[in-house]
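Asker: This is the structure, below, for whatever I ask next.
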Amino acid sequence: MFRPLLALPLFAAAMLGALPAAAMPVEAGDRIDGSAVIDKLDLATLPAGTSRLWLRVDDNDVGQGYYVPIVVVKGAQSGPRFLLTAGIHGDELNGIGVIHQLVEGIDPTVLKGTLIAVPGLNAPGLRNSTRAFTGGHNGAGDNLNRLIPRDSHAHGDEGNAGQRYAGRLWSRIFVGNTDFAIDLHTQSRGGTYPAYVFVATPAAKRIAMMLRPDSIYVNAGIDGAVEDMLNANAIPAVTYELGGAEVFDRAMIARGLRGVRNVMIDRGMLPGKPDLHDPEPFLGNVVTNVDSPRGGWAQVRVALNQYVKKGDVLAIVTDPFGRTIATLTAPLDARVAGMGTDPRTQPGDMVVRLLSWDDSLPCKRDGCPSTVTPVKAR
């Protein structure tokens, strides 16, 4: 039947008025493997005990969802809210093992406060075994740990996919749910760390000392990193590096678990006394990367946590025939705080990372002054 054209806009307007203003990403009652799907964490709505949830962060490039697992252990008694995260880099897995074991061993009836544990922040990076947020079909991706907003009012509805994803982790999990935090990491693929904590503030230093790592790097941090954006909002936080990528290292997981429990005991969340039998950490405020000048096969000659003197041989690099083409030496007295584990080395690659102390720098042994701000992400 013919209808006048003037009627079409009126008909369309009426139809549009009947539709919701925007499609909601989460329908009431959505569940995955028996766990509720949420679009924002609201601790007040959760009962005492353990809740396992899926946060639907955003859409992916085929119109499905990115889901992040969250475990909330809400104690029977009031207390602080502790945010414990892992896997913002998708090839760094030991922290996930720490969270799994920690949650399994906590009795909510004796817990004071609330643990918010997120064992896998970077859903596409974990799926693709990549450090970056590899959300696109072209394989490229952003470093989510350089995209966390500083503004507590940021909502994550602007920018590219990585920026939106990072912003929504911030606004839908972190903001309003956190009194202090630990972000668990490892070195990236091809390298390893000892138990190694980054510290920016005096309040964060207390957390670090309870974690009892091998080394503590006192520095102002990096703009856009989880730890540093929380500290910028007066929420004490540290980054804890636990070994190498792509594995569940039982020794490192046990080390991390012991330290996290120490922090919870120190904060009054768990009963008991902190286990401080590990040696007091080495403190440094200068990191020096010793890079290879040539491409070839690197052979590291030192061990993690070893003290070296200026001029000591750290590594050699050989050509395809095994002939030495470069010898890397320590440029200063320091402690070994990281190294490459993959011998395939390109020119400019870090082979050994050193940690040392310089009294002339503004960051002192109890943290950095507020005048020293995080460096801009590269």
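Simple scheme: letters A, B, ... for chains in structure tokens order, numbers from 1 for residues in each chain, numbers from 1 for ligands in the order shown.
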From the DSSP assignment of the backbone, select every residue of region 121-280 of chain A that is helix (DSSP H, G or I), and format the answer as a PyMOL selection string.
Answerer: chain A and resi 123-128+144-146+161-174+202-211+226-232+250-266
Asker: Fewer than 3 positions away in the same chain doesn't count, so skip those; otherwise give me all residues within 9 Å of region 41-53 of chain A, counting only C-alpha atoms, as a PyMOL selection string.
Answerer: chain A and resi 31-32+35-38+68-77+103+107-109+114+172-174+176-177
Asker: Pick out the residues sitting within 9 Å of region 219-227 of chain A, and hand them over as a PyMOL selection string; count only C-alpha atoms, and ignore anything fewer than 3 positions along from it in its own chain.
Answerer: chain A and resi 88+144-150+170+181-183+198-201+230-232+235-239+284-286+363-364+367-370+372-377
Asker: Between A:Thr192, A:Ser292, A:Asn233, A:Asn122, which has the minimum distance to Gly348 (chain A) (counting only C-alpha atoms)?
Answerer: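 Checking each candidate against Gly348 (chain A), we get A:Ser292 as the closest.
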Asker: List the neighbours of Gln299 (chain A) out to 9 Å using only C-alpha atoms; skip same-chain residues closer than 3 positions along the sequence, and give me the result as a list of chain:residue names.
Answerer: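 The residues that qualify are A:Leu314, A:Ala315, A:Ile316, A:Val317, A:Thr318, A:Thr341, A:Pro343, A:Val351.
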Asker: Counting only C-alpha atoms, which of A:Ala208, A:Leu55, A:Leu257, A:Ala161 gets nearest to His100 (chain A)?
Answerer: A:Leu257
Asker: Between CA of Asp275 (chain A) and CA of Tyr217 (chain A), what is the spacing in Å?
Answerer: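 Calculated distance between CA of Tyr217 (chain A) and CA of Asp275 (chain A) is 21.6 Å.
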Asker: From a backbone DSSP assignment, name each residue in region 155-351 of chain A labelled strand (DSSP E), as an NGL selection string.
Answerer: :A and (180-185 or 191-192 or 195-199 or 215-218 or 237-242 or 282-284 or 286-291 or 296-300 or 307-308 or 313-318 or 324-329 or 334-340 or 344-345 or 350-351)
Asker: Would you compute the distance between CA of Gly135 (chain A) and CA of Ile253 (chain A)? Give it in Å to one decimal.
Answerer: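 Computing it gives 28.2 Å between the two atoms.
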Asker: Do a neighbour search on Leu332 (chain A) at 12 Å with only C-alpha atoms, toss out local chain neighbours closer than 2 positions, and write the hits as a list in words.
Answerer: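 Close residues of Leu332 (chain A): Val286, Val287, Thr288, Asn289, Val290, Tyr307, Val308, Lys309, Lys310, Gly311, Asp312, Val313, Leu314, Thr329, Ala330, Ala334, Arg335, Val336, Arg353, Leu354, Leu355, Ser356, Trp357 and Asp358 of chain A.
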